[in-house]
>>> print(open('coords-v9.txt').read())   # compact mmCIF, C-alpha atoms
# COMPACT_ATOMS: atom_id res chain seq x y z
CA MET A 228 25.67 18.73 38.03
CA ALA A 229 23.78 15.54 37.50
CA ASP A 230 25.20 12.74 35.41
CA MET A 231 24.12 12.50 31.81
CA PHE A 232 22.38 9.53 30.28
CA LYS A 233 21.53 8.50 26.77
CA LEU A 234 18.01 9.42 25.75
CA GLN A 235 16.34 8.04 22.69
CA ILE A 236 12.83 8.89 21.58
CA VAL A 237 11.53 6.95 18.62
CA THR A 238 8.21 7.07 16.80
CA PRO A 239 6.94 4.74 14.09
CA GLU A 240 7.87 7.34 11.47
CA ARG A 241 11.24 8.57 12.62
CA VAL A 242 13.81 8.89 15.37
CA PHE A 243 12.41 11.91 17.19
CA TYR A 244 15.28 12.63 19.54
CA GLU A 245 18.64 11.10 20.24
CA GLY A 246 21.21 12.56 22.56
CA ASP A 247 22.49 13.03 26.08
CA ALA A 248 20.23 14.43 28.76
CA SER A 249 20.54 15.03 32.48
CA MET A 250 16.89 14.63 33.36
CA VAL A 251 13.64 13.84 31.66
CA GLU A 252 10.17 14.68 32.96
CA LEU A 253 6.97 13.12 31.70
CA SER A 254 3.53 11.87 32.73
CA THR A 255 2.82 8.19 33.14
CA THR A 256 -0.41 6.43 33.96
CA GLU A 257 0.82 6.31 37.56
CA GLY A 258 1.59 10.01 37.79
CA ASP A 259 4.23 12.50 36.70
CA ILE A 260 7.82 11.37 37.02
CA GLY A 261 11.26 12.86 36.60
CA VAL A 262 14.09 10.50 35.81
CA TYR A 263 17.79 11.11 36.40
CA ALA A 264 20.69 8.89 35.43
CA SER A 265 21.22 5.66 37.43
CA HIS A 266 17.51 5.13 37.89
CA ILE A 267 16.47 1.56 38.61
CA PRO A 268 15.28 -0.32 35.51
CA MET A 269 11.62 0.41 34.96
CA THR A 270 8.95 0.20 32.31
CA ALA A 271 5.95 2.51 32.46
CA ILE A 272 3.05 3.54 30.24
CA VAL A 273 2.93 7.11 29.02
CA SER A 274 -0.18 9.19 29.48
CA PRO A 275 -0.66 12.43 27.53
CA GLY A 276 1.42 15.26 28.93
CA ILE A 277 4.36 17.54 28.43
CA LEU A 278 7.73 15.93 27.99
CA LYS A 279 10.67 17.98 29.28
CA ILE A 280 14.18 17.06 28.30
CA HIS A 281 16.88 18.71 30.44
CA GLU A 282 20.21 18.92 28.68
CA GLY A 283 22.28 20.40 31.48
CA THR A 284 20.88 23.93 31.72
CA GLN A 285 18.81 23.79 28.59
CA VAL A 286 15.27 22.46 28.63
CA LYS A 287 13.45 21.20 25.57
CA LYS A 288 9.71 20.72 25.59
CA ALA A 289 7.53 18.41 23.52
CA ALA A 290 3.96 17.14 23.58
CA LEU A 291 3.92 13.40 24.25
CA HIS A 292 0.59 11.66 23.74
CA ALA A 293 0.99 7.92 23.81
CA GLY A 294 3.59 5.23 24.12
CA PHE A 295 5.72 3.73 26.82
CA ILE A 296 9.07 4.35 28.43
CA GLU A 297 11.84 1.93 29.24
CA VAL A 298 14.32 3.16 31.81
CA LEU A 299 17.74 1.58 32.27
CA PRO A 300 20.46 3.11 34.48
CA GLN A 301 22.40 4.74 31.65
CA GLU A 302 19.87 4.65 28.90
CA ILE A 303 16.28 5.76 28.55
CA THR A 304 14.12 4.84 25.61
CA ILE A 305 10.73 6.35 24.94
CA MET A 306 8.65 4.45 22.42
CA ALA A 307 6.25 7.19 21.45
CA GLU A 308 3.27 6.62 19.23
CA VAL A 309 2.65 10.34 18.95
CA VAL A 310 5.08 13.09 19.97
CA GLU A 311 5.48 16.64 18.66
CA TRP A 312 7.87 19.57 19.10
CA PRO A 313 6.14 22.85 20.00
CA ASP A 314 6.69 24.32 16.53
CA GLU A 315 4.98 21.33 14.93
CA ILE A 316 1.74 21.98 16.79
CA ASP A 317 -1.09 23.71 15.02
CA ILE A 318 -2.43 25.90 17.82
CA LYS A 319 -5.68 26.73 16.09
CA ARG A 320 -6.48 23.12 15.45
CA ALA A 321 -5.62 22.15 19.02
CA ASP A 322 -7.87 24.90 20.36
CA GLU A 323 -10.74 23.78 18.15
CA ALA A 324 -10.24 20.21 19.33
CA ARG A 325 -10.34 21.40 22.93
CA ILE A 326 -13.65 23.25 22.38
CA ARG A 327 -15.17 20.27 20.58
CA ALA A 328 -14.16 17.87 23.32
CA GLU A 329 -15.44 20.16 26.08
CA ARG A 330 -18.79 20.51 24.35
CA ARG A 331 -19.09 16.80 23.96
CA LEU A 332 -18.37 16.20 27.60
CA LYS A 333 -20.90 18.82 28.66
CA ASP A 334 -24.02 17.49 26.96
CA HIS A 335 -23.95 14.10 28.74
CA ASN A 336 -25.31 12.21 25.79
CA ALA A 337 -25.38 8.46 26.05
CA GLU A 338 -24.18 8.09 22.51
CA ILE A 339 -20.85 9.79 22.95
CA ASP A 340 -17.79 7.99 24.07
CA VAL A 341 -16.88 9.80 27.28
CA LEU A 342 -13.48 8.19 27.55
CA ARG A 343 -12.59 9.13 24.02
CA ALA A 344 -13.73 12.72 24.49
CA LYS A 345 -11.72 12.94 27.70
CA MET A 346 -8.62 11.65 25.95
CA ALA A 347 -9.14 14.11 23.10
CA LEU A 348 -9.45 16.93 25.60
CA ARG A 349 -6.25 15.89 27.33
CA ARG A 350 -4.39 15.72 24.05
CA ALA A 351 -5.62 19.17 23.08
CA LEU A 352 -4.68 20.65 26.46
CA THR A 353 -1.24 19.06 26.29
CA ARG A 354 -0.66 20.54 22.86
CA LEU A 355 -1.81 24.00 23.98
CA SER A 356 0.28 24.06 27.13
CA THR A 357 3.35 22.80 25.31
CA ARG A 358 3.03 25.62 22.87
CA GLN A 359 2.84 28.34 25.55
CA MET B 1480 8.21 -16.73 -43.81
CA ALA B 1481 6.11 -13.85 -42.58
CA SER B 1482 5.76 -10.92 -44.91
CA MET B 1483 7.71 -7.72 -44.41
CA ARG B 1484 4.61 -5.81 -43.42
CA ASP B 1485 3.64 -8.34 -40.72
CA ILE B 1486 7.09 -8.27 -39.20
CA LYS B 1487 7.12 -4.49 -39.18
CA ARG B 1488 3.73 -4.29 -37.51
CA ARG B 1489 4.81 -6.75 -34.83
CA ARG B 1490 8.02 -4.85 -34.20
CA ASP B 1491 6.20 -1.54 -33.82
CA SER B 1492 3.77 -3.01 -31.35
CA ILE B 1493 6.58 -4.44 -29.24
CA GLN B 1494 8.33 -1.11 -29.40
CA SER B 1495 5.37 0.71 -27.89
CA THR B 1496 5.05 -1.94 -25.19
CA GLU B 1497 8.70 -1.40 -24.41
CA GLN B 1498 8.11 2.31 -24.00
CA ILE B 1499 5.39 1.62 -21.46
CA THR B 1500 7.43 -0.86 -19.46
CA LYS B 1501 10.37 1.53 -19.52
CA ALA B 1502 8.23 4.34 -18.14
CA MET B 1503 6.75 2.07 -15.47
CA LYS B 1504 10.22 1.01 -14.44
CA LEU B 1505 11.30 4.63 -14.02
CA VAL B 1506 8.20 5.44 -11.98
CA SER B 1507 8.65 2.48 -9.68
CA THR B 1508 12.34 3.30 -9.25
CA VAL B 1509 11.40 6.72 -7.91
CA LYS B 1510 8.65 5.25 -5.74
CA LEU B 1511 11.02 2.59 -4.47
CA GLN B 1512 13.49 5.22 -3.25
CA LYS B 1513 10.74 6.99 -1.34
CA SER B 1514 9.19 3.89 0.19
CA LYS B 1515 12.58 2.45 1.01
CA SER B 1516 13.64 5.46 3.05
CA LYS B 1517 10.27 5.42 4.81
CA ALA B 1518 10.66 1.77 5.67
CA GLU B 1519 14.17 2.40 6.94
CA ALA B 1520 13.03 5.32 9.09
CA SER B 1521 10.56 3.10 10.90
CA LYS B 1522 13.08 0.33 11.55
CA PRO B 1523 14.49 1.72 14.85
CA TYR B 1524 11.02 1.86 16.41
CA PHE B 1525 10.22 -1.62 15.28
CA ASN B 1526 13.53 -3.09 16.46
CA LEU B 1527 13.33 -1.42 19.86
CA MET B 1528 9.75 -2.56 20.23
CA TYR B 1529 10.78 -6.12 19.54
CA GLN B 1530 13.64 -5.92 22.02
CA THR B 1531 11.45 -4.50 24.74
CA ILE B 1532 8.69 -7.03 24.25
CA SER B 1533 11.09 -9.94 24.22
CA SER B 1534 12.88 -8.72 27.32
CA ILE B 1535 9.58 -8.36 29.16
CA LEU B 1536 8.43 -11.80 28.09
CA ARG B 1537 11.74 -13.44 28.86
CA LYS B 1538 11.58 -12.07 32.35
CA SER B 1539 8.04 -13.22 32.96
CA GLU B 1540 8.10 -16.65 31.41
CA ASN B 1541 5.39 -18.20 33.52
CA LEU B 1542 3.07 -15.25 33.24
CA ASP B 1543 -0.44 -16.31 32.32
CA HIS B 1544 -1.77 -13.48 30.21
CA LYS B 1545 -4.64 -13.52 27.75
CA TYR B 1546 -2.38 -12.34 24.92
CA LEU B 1547 0.15 -15.09 25.58
CA ARG B 1548 -2.09 -18.11 25.07
CA PRO B 1549 -4.19 -19.05 22.06
CA GLY B 1550 -7.89 -18.28 22.16
CA THR B 1551 -10.50 -21.01 22.41
CA SER B 1552 -11.72 -20.59 18.85
CA PRO B 1553 -10.11 -22.81 16.17
CA LYS B 1554 -10.45 -19.95 13.67
CA LYS B 1555 -7.35 -18.16 12.51
CA ALA B 1556 -7.23 -14.61 11.28
CA VAL B 1557 -4.67 -13.52 8.74
CA VAL B 1558 -3.79 -10.00 7.68
CA ALA B 1559 -2.75 -10.32 4.04
CA ILE B 1560 -0.75 -7.41 2.71
CA THR B 1561 -0.53 -7.24 -1.08
CA SER B 1562 -0.89 -4.47 -3.65
CA ASN B 1563 -3.76 -2.83 -5.47
CA ARG B 1564 -2.02 -3.02 -8.81
CA GLY B 1565 -0.59 -5.87 -10.78
CA LEU B 1566 2.37 -6.04 -13.16
CA ALA B 1567 4.74 -6.70 -10.32
CA GLY B 1568 5.93 -10.18 -11.21
CA GLY B 1569 5.09 -12.83 -8.63
CA TYR B 1570 4.67 -10.30 -5.83
CA ASN B 1571 0.97 -10.78 -5.13
CA ASN B 1572 0.78 -14.41 -6.10
CA ASN B 1573 3.58 -15.34 -3.70
CA ILE B 1574 1.57 -14.10 -0.72
CA VAL B 1575 -1.56 -15.96 -1.88
CA LYS B 1576 0.45 -19.14 -2.35
CA LEU B 1577 2.09 -18.78 1.04
CA ILE B 1578 -1.22 -18.36 2.83
CA ASN B 1579 -2.73 -21.24 0.90
CA ALA B 1580 0.15 -23.50 1.86
CA GLU B 1581 0.15 -22.63 5.57
CA LEU B 1582 -3.44 -21.96 6.56
CA PRO B 1583 -6.48 -24.17 5.89
CA VAL B 1584 -9.24 -22.61 3.78
CA GLY B 1585 -12.11 -23.53 6.11
CA ASP B 1586 -10.70 -22.14 9.35
CA THR B 1587 -9.19 -18.91 8.16
CA ILE B 1588 -10.61 -15.42 8.15
CA VAL B 1589 -8.85 -12.91 5.91
CA TYR B 1590 -8.35 -9.23 6.65
CA SER B 1591 -7.03 -8.06 3.33
CA ILE B 1592 -4.95 -5.00 2.59
CA GLY B 1593 -4.50 -4.85 -1.17
CA ARG B 1594 -7.02 -5.74 -3.86
CA LYS B 1595 -4.90 -8.28 -5.73
CA GLY B 1596 -4.40 -10.46 -2.69
CA ARG B 1597 -8.07 -10.21 -1.78
CA ASP B 1598 -9.16 -11.38 -5.23
CA GLY B 1599 -6.59 -14.16 -5.29
CA LEU B 1600 -7.60 -15.47 -1.87
CA GLN B 1601 -11.29 -15.20 -2.72
CA ARG B 1602 -10.73 -17.37 -5.76
CA LYS B 1603 -9.09 -19.99 -3.55
CA GLY B 1604 -12.20 -20.01 -1.36
CA TYR B 1605 -11.08 -17.97 1.67
CA GLY B 1606 -13.65 -15.89 3.50
CA ILE B 1607 -12.81 -12.19 3.46
CA LYS B 1608 -13.85 -10.52 6.70
CA ALA B 1609 -12.74 -7.00 5.96
CA ASP B 1610 -10.93 -5.14 3.24
CA TYR B 1611 -8.60 -2.21 3.84
CA SER B 1612 -7.23 -1.89 0.34
CA GLU B 1613 -7.11 1.91 0.44
CA VAL B 1614 -4.50 1.75 3.18
CA ILE B 1615 -1.73 0.39 1.00
CA ASN B 1616 -1.66 3.53 -1.15
CA GLU B 1617 -0.47 5.66 1.74
CA PRO B 1618 0.05 3.64 4.94
CA LEU B 1619 -0.37 5.58 8.19
CA TYR B 1620 0.39 4.40 11.68
CA GLN B 1621 -3.20 5.16 12.61
CA ASP B 1622 -4.42 2.59 10.05
CA ALA B 1623 -2.33 -0.10 11.67
CA ALA B 1624 -3.58 0.93 15.12
CA ASP B 1625 -7.23 0.78 13.98
CA LEU B 1626 -6.77 -2.65 12.44
CA THR B 1627 -5.08 -3.86 15.63
CA LEU B 1628 -8.04 -2.70 17.71
CA GLU B 1629 -10.45 -4.56 15.48
CA LEU B 1630 -8.38 -7.73 15.59
CA LEU B 1631 -8.01 -7.61 19.36
CA ASP B 1632 -11.73 -7.03 19.66
CA SER B 1633 -12.50 -10.19 17.68
CA PHE B 1634 -9.89 -12.01 19.71
CA ALA B 1635 -11.43 -10.87 22.99
CA ARG B 1636 -14.91 -11.95 21.83
CA GLY B 1637 -13.54 -15.40 21.04
CA GLU B 1638 -14.21 -15.23 17.31
CA ILE B 1639 -10.61 -15.93 16.46
CA GLY B 1640 -7.96 -17.90 18.29
CA GLU B 1641 -4.82 -16.91 16.48
CA ILE B 1642 -3.74 -13.94 14.41
CA TYR B 1643 -1.21 -14.09 11.59
CA LEU B 1644 0.36 -11.48 9.37
CA ALA B 1645 1.40 -12.22 5.78
CA TYR B 1646 3.56 -9.68 4.00
CA THR B 1647 6.57 -9.39 1.74
CA SER B 1648 9.65 -8.45 3.66
CA PHE B 1649 12.08 -6.11 1.98
CA LYS B 1650 15.63 -7.35 2.23
CA ASN B 1651 17.17 -5.24 -0.49
CA THR B 1652 16.16 -3.87 -3.87
CA VAL B 1653 16.16 -7.25 -5.59
CA THR B 1654 15.40 -9.65 -2.73
CA HIS B 1655 11.91 -9.73 -1.27
CA ILE B 1656 10.78 -12.62 0.88
CA PRO B 1657 7.12 -13.43 1.49
CA LYS B 1658 6.68 -14.03 5.22
CA LEU B 1659 3.99 -15.34 7.49
CA ILE B 1660 4.38 -14.37 11.13
CA LYS B 1661 2.25 -14.98 14.19
CA LEU B 1662 0.98 -11.84 15.89
CA LEU B 1663 -1.11 -13.41 18.62
CA PRO B 1664 -0.54 -15.22 20.90
CA VAL B 1665 2.79 -13.45 21.23
CA GLU B 1666 5.67 -15.84 20.77
CA MET B 1667 9.32 -14.99 20.97
CA GLU B 1668 12.24 -16.92 19.67
CA ALA B 1669 14.07 -18.32 22.64
CA GLY B 1670 17.78 -18.24 23.13
CA GLU B 1671 18.88 -14.60 23.00
CA ASP B 1672 19.44 -14.40 26.71
CA SER B 1673 22.98 -13.18 26.50
CA GLU B 1674 22.13 -9.48 26.37
CA GLY B 1675 24.07 -7.54 28.95
CA LYS B 1676 21.22 -5.34 30.11
CA ALA B 1677 19.90 -5.60 33.65
CA HIS B 1678 16.56 -7.00 32.64
CA ALA B 1679 16.22 -9.13 35.73
CA LEU B 1680 15.63 -6.09 37.91
CA MET B 1681 13.05 -4.41 35.72
CA THR B 1682 10.14 -2.98 37.62
CA TYR B 1683 6.81 -2.23 36.06
CA GLU B 1684 4.48 0.64 36.66
CA PRO B 1685 1.64 -0.25 36.75
CA GLU B 1686 1.64 -4.04 37.20
CA GLU B 1687 3.17 -6.32 34.60
CA GLU B 1688 -0.19 -7.51 33.42
CA GLU B 1689 -1.46 -4.01 32.76
CA VAL B 1690 1.78 -3.08 31.06
CA LEU B 1691 1.32 -6.06 28.76
CA ASN B 1692 -2.30 -5.07 28.14
CA SER B 1693 -1.11 -1.75 26.89
CA ILE B 1694 2.12 -2.74 25.17
CA VAL B 1695 0.91 -5.75 23.19
CA PRO B 1696 -1.51 -3.67 21.06
CA LYS B 1697 1.30 -1.18 20.42
CA TYR B 1698 3.57 -4.07 19.51
CA MET B 1699 1.01 -5.42 17.05
CA SER B 1700 0.41 -2.00 15.52
CA SER B 1701 4.11 -1.46 15.07
CA LEU B 1702 4.49 -4.88 13.44
CA ILE B 1703 1.61 -4.21 11.07
CA TYR B 1704 2.84 -0.71 10.29
CA GLY B 1705 6.38 -1.93 9.67
CA ALA B 1706 5.00 -4.70 7.46
CA LEU B 1707 2.93 -2.20 5.47
CA LEU B 1708 5.94 0.00 4.79
CA GLU B 1709 8.12 -2.96 3.85
CA ALA B 1710 5.41 -4.35 1.62
CA VAL B 1711 5.13 -1.06 -0.27
CA ALA B 1712 8.89 -1.00 -0.77
CA SER B 1713 8.85 -4.63 -1.89
CA GLU B 1714 5.99 -3.99 -4.27
CA ASN B 1715 7.87 -1.21 -5.99
CA GLY B 1716 11.05 -3.24 -6.00
CA ALA B 1717 9.23 -6.22 -7.50
CA ARG B 1718 7.59 -4.04 -10.12
CA MET B 1719 10.90 -2.45 -10.99
CA THR B 1720 12.55 -5.82 -11.50
CA ALA B 1721 9.58 -7.13 -13.47
CA MET B 1722 9.51 -4.09 -15.72
CA ASP B 1723 13.26 -4.22 -16.18
CA ASN B 1724 12.96 -7.82 -17.35
CA ALA B 1725 10.06 -6.90 -19.61
CA THR B 1726 12.07 -4.08 -21.17
CA SER B 1727 15.08 -6.24 -21.86
CA ASN B 1728 12.86 -9.01 -23.26
CA ALA B 1729 11.24 -6.48 -25.55
CA GLU B 1730 14.65 -5.28 -26.68
CA GLU B 1731 15.67 -8.85 -27.46
CA MET B 1732 12.53 -9.44 -29.47
CA ILE B 1733 12.94 -6.21 -31.37
CA GLU B 1734 16.48 -7.21 -32.25
CA ALA B 1735 15.38 -10.62 -33.50
CA LEU B 1736 12.51 -9.11 -35.46
CA SER B 1737 14.77 -6.47 -37.01
CA LEU B 1738 17.04 -9.23 -38.22
CA GLN B 1739 14.08 -11.11 -39.66
CA TYR B 1740 12.79 -7.96 -41.27
CA ASN B 1741 16.11 -7.20 -42.93
CA ARG B 1742 16.41 -10.77 -44.20
CA ALA B 1743 12.92 -10.57 -45.63
CA ARG B 1744 13.74 -7.23 -47.25
CA GLN B 1745 16.94 -8.59 -48.74
CA GLY B 1746 15.09 -11.64 -49.96
CA ALA B 1747 12.44 -9.49 -51.61
CA ILE B 1748 15.04 -7.31 -53.35
CA THR B 1749 17.00 -10.32 -54.58
CA GLN B 1750 13.86 -11.86 -55.92
CA GLU B 1751 12.87 -8.67 -57.69
CA LEU B 1752 16.33 -8.35 -59.27
CA THR B 1753 16.27 -11.93 -60.45
CA GLU B 1754 12.89 -11.34 -62.00
CA ILE B 1755 14.06 -8.19 -63.80
CA VAL B 1756 17.24 -9.86 -65.07
CA ALA B 1757 15.27 -12.89 -66.20
CA GLY B 1758 12.77 -10.61 -67.94
CA ALA B 1759 15.55 -8.66 -69.70
CA ASN B 1760 17.22 -11.91 -70.79
CA ALA B 1761 13.98 -13.16 -72.22
CA ILE B 1762 13.49 -10.03 -74.36
CA SER B 1763 17.00 -9.87 -75.83
>>> encode(input="coords-v9.txt", output="structure tokens")
Amino acid sequence: MADMFKLQIVTPERVFYEGDASMVELSTTEGDIGVYASHIPMTAIVSPGILKIHEGTQVKKAALHAGFIEVLPQEITIMAEVVEWPDEIDIKRADEARIRAERRLKDHNAEIDVLRAKMALRRALTRLSTRQ
Amino acid sequence: MASMRDIKRRRDSIQSTEQITKAMKLVSTVKLQKSKSKAEASKPYFNLMYQTISSILRKSENLDHKYLRPGTSPKKAVVAITSNRGLAGGYNNNIVKLINAELPVGDTIVYSIGRKGRDGLQRKGYGIKADYSEVINEPLYQDAADLTLELLDSFARGEIGEIYLAYTSFKNTVTHIPKLIKLLPVEMEAGEDSEGKAHALMTYEPEEEEVLNSIVPKYMSSLIYGALLEAVASENGARMTAMDNATSNAEEMIEALSLQYNRARQGAITQELTEIVAGANAIS
């Protein structure tokens, strides 16, 4: 069994998660990563995706949208701007957001902010897949 | 000496004022509890953010990044956080005074959050660029993030060279300190190098510069958001103290007036008795 490390996830409003974990998986701007204990110190930027916290055999899932992660050998801190547990996600709203964003991307209008629509779509998809 | 009726009228009026200040004190006590726990809940994020930023900057001391040096413009922007409502003692005025003492009128652009501070600064002659007074009623992280984007935009266009944040920091229920801190360029207090963490080996994904590009706005948002929450707690704390003082002052005045009233009443009765006795003596 892998060693445990201290994981702390904080948001501006609250401490989202605090405890011991054996592995944490998340998406960064450079790609998806999985971090075990004794990782080399690293700082990376989070991109929207599913966050998986492995506590030994148990796995907890959450939707992580923005923030950054600081990895130290025995301690990992995720500074999340937005993060949600599956049961906090409003599936109907996420689905509507997905449809809206897809429509916006389809009718290549010069006025719409493509980057923003893409980000909205990613957020919606992350929420939906976390929920499933 | 004032007549009995005048004293009574005065006392009644003070009594109704006391009722109002008492009610306001109770309301702000409840609000203080709420805003205090909110401010405390956001502390860990803020503290960790500060630690991370300072460890990154300490490691990369000679990094030449656009957020680490002042802009070319001599203009300074200040985010002034005050309240929308008065009757909070010196709370709003302290911020106005602080800004007036530290930043020159001609070269400062104000982004105001809170109507009282906006009006106060306007009277002193400051130019108000934008007003976000609605935000202070119910501060959200998104508000802070939006404001940060706008500030960084102006900074990138060279309209402003430095960004400051003025707010009232909440130390405890009775102590609130008006503070002016520099948001941009980012400056850290030197001399906390003794932390045991292995910062020297930190790697960055992507490059340091890009990490800073992305983290500095988050750092600013978290500072502004933390300041908003603390300011709300301070406002309620200041109002509570002010209303508490007002209530006890009213009580004191009522006591003094009651004494005066009773003296006047006694005087009137004595006079009346003397008159009756004198009248009776004259008849017999």
>>> residues_around(input="coords-v9.txt", residues="Pro1696 in chain B", least_positions_apart="3", cutoff="8 Å", atoms="all atoms listed in the file", output="ChimeraX atom specification")
/B:1624,1627-1628,1631,1692-1693,1699-1700
>>> closest_atom_pairs(input="coords-v9.txt", of="chain B", to="chain A", cutoff="10 Å", atoms="only C-alpha atoms", output="JSON lines")
{"residue": "B:Lys1517", "atom": "CA", "partner": "A:Glu240", "partner_atom": "CA", "distance": 7.3}
{"residue": "B:Ala1518", "atom": "CA", "partner": "A:Glu240", "partner_atom": "CA", "distance": 8.5}
{"residue": "B:Glu1519", "atom": "CA", "partner": "A:Arg241", "partner_atom": "CA", "distance": 8.9}
{"residue": "B:Ala1520", "atom": "CA", "partner": "A:Arg241", "partner_atom": "CA", "distance": 5.1}
{"residue": "B:Ser1521", "atom": "CA", "partner": "A:Glu240", "partner_atom": "CA", "distance": 5.1}
{"residue": "B:Lys1522", "atom": "CA", "partner": "A:Pro239", "partner_atom": "CA", "distance": 8.0}
{"residue": "B:Pro1523", "atom": "CA", "partner": "A:Val237", "partner_atom": "CA", "distance": 7.1}
{"residue": "B:Tyr1524", "atom": "CA", "partner": "A:Pro239", "partner_atom": "CA", "distance": 5.5}
{"residue": "B:Phe1525", "atom": "CA", "partner": "A:Pro239", "partner_atom": "CA", "distance": 7.3}
{"residue": "B:Leu1527", "atom": "CA", "partner": "A:Met306", "partner_atom": "CA", "distance": 7.9}
{"residue": "B:Met1528", "atom": "CA", "partner": "A:Met306", "partner_atom": "CA", "distance": 7.4}
{"residue": "B:Thr1531", "atom": "CA", "partner": "A:Glu297", "partner_atom": "CA", "distance": 7.9}
{"residue": "B:Ile1535", "atom": "CA", "partner": "A:Thr270", "partner_atom": "CA", "distance": 9.1}
{"residue": "B:Leu1619", "atom": "CA", "partner": "A:Glu240", "partner_atom": "CA", "distance": 9.0}
{"residue": "B:Tyr1620", "atom": "CA", "partner": "A:Pro239", "partner_atom": "CA", "distance": 7.0}
{"residue": "B:Gln1621", "atom": "CA", "partner": "A:Glu308", "partner_atom": "CA", "distance": 9.4}
{"residue": "B:Ala1624", "atom": "CA", "partner": "A:Glu308", "partner_atom": "CA", "distance": 9.8}
{"residue": "B:Lys1676", "atom": "CA", "partner": "A:Leu299", "partner_atom": "CA", "distance": 8.0}
{"residue": "B:Ala1677", "atom": "CA", "partner": "A:Pro268", "partner_atom": "CA", "distance": 7.3}
{"residue": "B:His1678", "atom": "CA", "partner": "A:Pro268", "partner_atom": "CA", "distance": 7.4}
{"residue": "B:Ala1679", "atom": "CA", "partner": "A:Pro268", "partner_atom": "CA", "distance": 8.9}
{"residue": "B:Leu1680", "atom": "CA", "partner": "A:Pro268", "partner_atom": "CA", "distance": 6.3}
{"residue": "B:Met1681", "atom": "CA", "partner": "A:Pro268", "partner_atom": "CA", "distance": 4.7}
{"residue": "B:Thr1682", "atom": "CA", "partner": "A:Met269", "partner_atom": "CA", "distance": 4.6}
{"residue": "B:Tyr1683", "atom": "CA", "partner": "A:Thr270", "partner_atom": "CA", "distance": 5.0}
{"residue": "B:Glu1684", "atom": "CA", "partner": "A:Ala271", "partner_atom": "CA", "distance": 4.8}
{"residue": "B:Pro1685", "atom": "CA", "partner": "A:Glu257", "partner_atom": "CA", "distance": 6.7}
{"residue": "B:Glu1686", "atom": "CA", "partner": "A:Ala271", "partner_atom": "CA", "distance": 9.2}
{"residue": "B:Glu1687", "atom": "CA", "partner": "A:Thr270", "partner_atom": "CA", "distance": 9.0}
{"residue": "B:Glu1689", "atom": "CA", "partner": "A:Ile272", "partner_atom": "CA", "distance": 9.1}
{"residue": "B:Val1690", "atom": "CA", "partner": "A:Ile272", "partner_atom": "CA", "distance": 6.8}
{"residue": "B:Leu1691", "atom": "CA", "partner": "A:Ile272", "partner_atom": "CA", "distance": 9.9}
{"residue": "B:Ser1693", "atom": "CA", "partner": "A:Ile272", "partner_atom": "CA", "distance": 7.5}
{"residue": "B:Ile1694", "atom": "CA", "partner": "A:Phe295", "partner_atom": "CA", "distance": 7.6}
{"residue": "B:Lys1697", "atom": "CA", "partner": "A:Gly294", "partner_atom": "CA", "distance": 7.7}
{"residue": "B:Ser1700", "atom": "CA", "partner": "A:Pro239", "partner_atom": "CA", "distance": 9.5}
{"residue": "B:Ser1701", "atom": "CA", "partner": "A:Pro239", "partner_atom": "CA", "distance": 6.9}
{"residue": "B:Leu1702", "atom": "CA", "partner": "A:Pro239", "partner_atom": "CA", "distance": 9.9}
{"residue": "B:Tyr1704", "atom": "CA", "partner": "A:Pro239", "partner_atom": "CA", "distance": 7.8}
{"residue": "B:Gly1705", "atom": "CA", "partner": "A:Pro239", "partner_atom": "CA", "distance": 8.0}
>>> residues_around(input="coords-v9.txt", residues="Ser249 in chain A", least_positions_apart="3", cutoff="10 Å", atoms="all atoms listed in the file", output="ChimeraX atom specification")
/A:228-234,262-264,280-286
>>> residues_around(input="coords-v9.txt", residues="Lys279 in chain A", least_positions_apart="3", cutoff="12 Å", atoms="only C-alpha atoms", output="PDB file with C-alpha atoms, in the frame of the given file")
ATOM      1  CA  LEU A 234      18.010   9.420  25.750  1.00  0.00           C
ATOM      2  CA  ALA A 248      20.230  14.430  28.760  1.00  0.00           C
ATOM      3  CA  SER A 249      20.540  15.030  32.480  1.00  0.00           C
ATOM      4  CA  MET A 250      16.890  14.630  33.360  1.00  0.00           C
ATOM      5  CA  VAL A 251      13.640  13.840  31.660  1.00  0.00           C
ATOM      6  CA  GLU A 252      10.170  14.680  32.960  1.00  0.00           C
ATOM      7  CA  LEU A 253       6.970  13.120  31.700  1.00  0.00           C
ATOM      8  CA  SER A 254       3.530  11.870  32.730  1.00  0.00           C
ATOM      9  CA  ASP A 259       4.230  12.500  36.700  1.00  0.00           C
ATOM     10  CA  ILE A 260       7.820  11.370  37.020  1.00  0.00           C
ATOM     11  CA  GLY A 261      11.260  12.860  36.600  1.00  0.00           C
ATOM     12  CA  VAL A 262      14.090  10.500  35.810  1.00  0.00           C
ATOM     13  CA  GLY A 276       1.420  15.260  28.930  1.00  0.00           C
ATOM     14  CA  GLU A 282      20.210  18.920  28.680  1.00  0.00           C
ATOM     15  CA  GLN A 285      18.810  23.790  28.590  1.00  0.00           C
ATOM     16  CA  VAL A 286      15.270  22.460  28.630  1.00  0.00           C
ATOM     17  CA  LYS A 287      13.450  21.200  25.570  1.00  0.00           C
ATOM     18  CA  LYS A 288       9.710  20.720  25.590  1.00  0.00           C
ATOM     19  CA  ALA A 289       7.530  18.410  23.520  1.00  0.00           C
ATOM     20  CA  ALA A 290       3.960  17.140  23.580  1.00  0.00           C
ATOM     21  CA  LEU A 291       3.920  13.400  24.250  1.00  0.00           C
ATOM     22  CA  VAL A 310       5.080  13.090  19.970  1.00  0.00           C
ATOM     23  CA  GLU A 311       5.480  16.640  18.660  1.00  0.00           C
ATOM     24  CA  TRP A 312       7.870  19.570  19.100  1.00  0.00           C
ATOM     25  CA  PRO A 313       6.140  22.850  20.000  1.00  0.00           C
ATOM     26  CA  THR A 357       3.350  22.800  25.310  1.00  0.00           C
TER      27      THR A 357
END
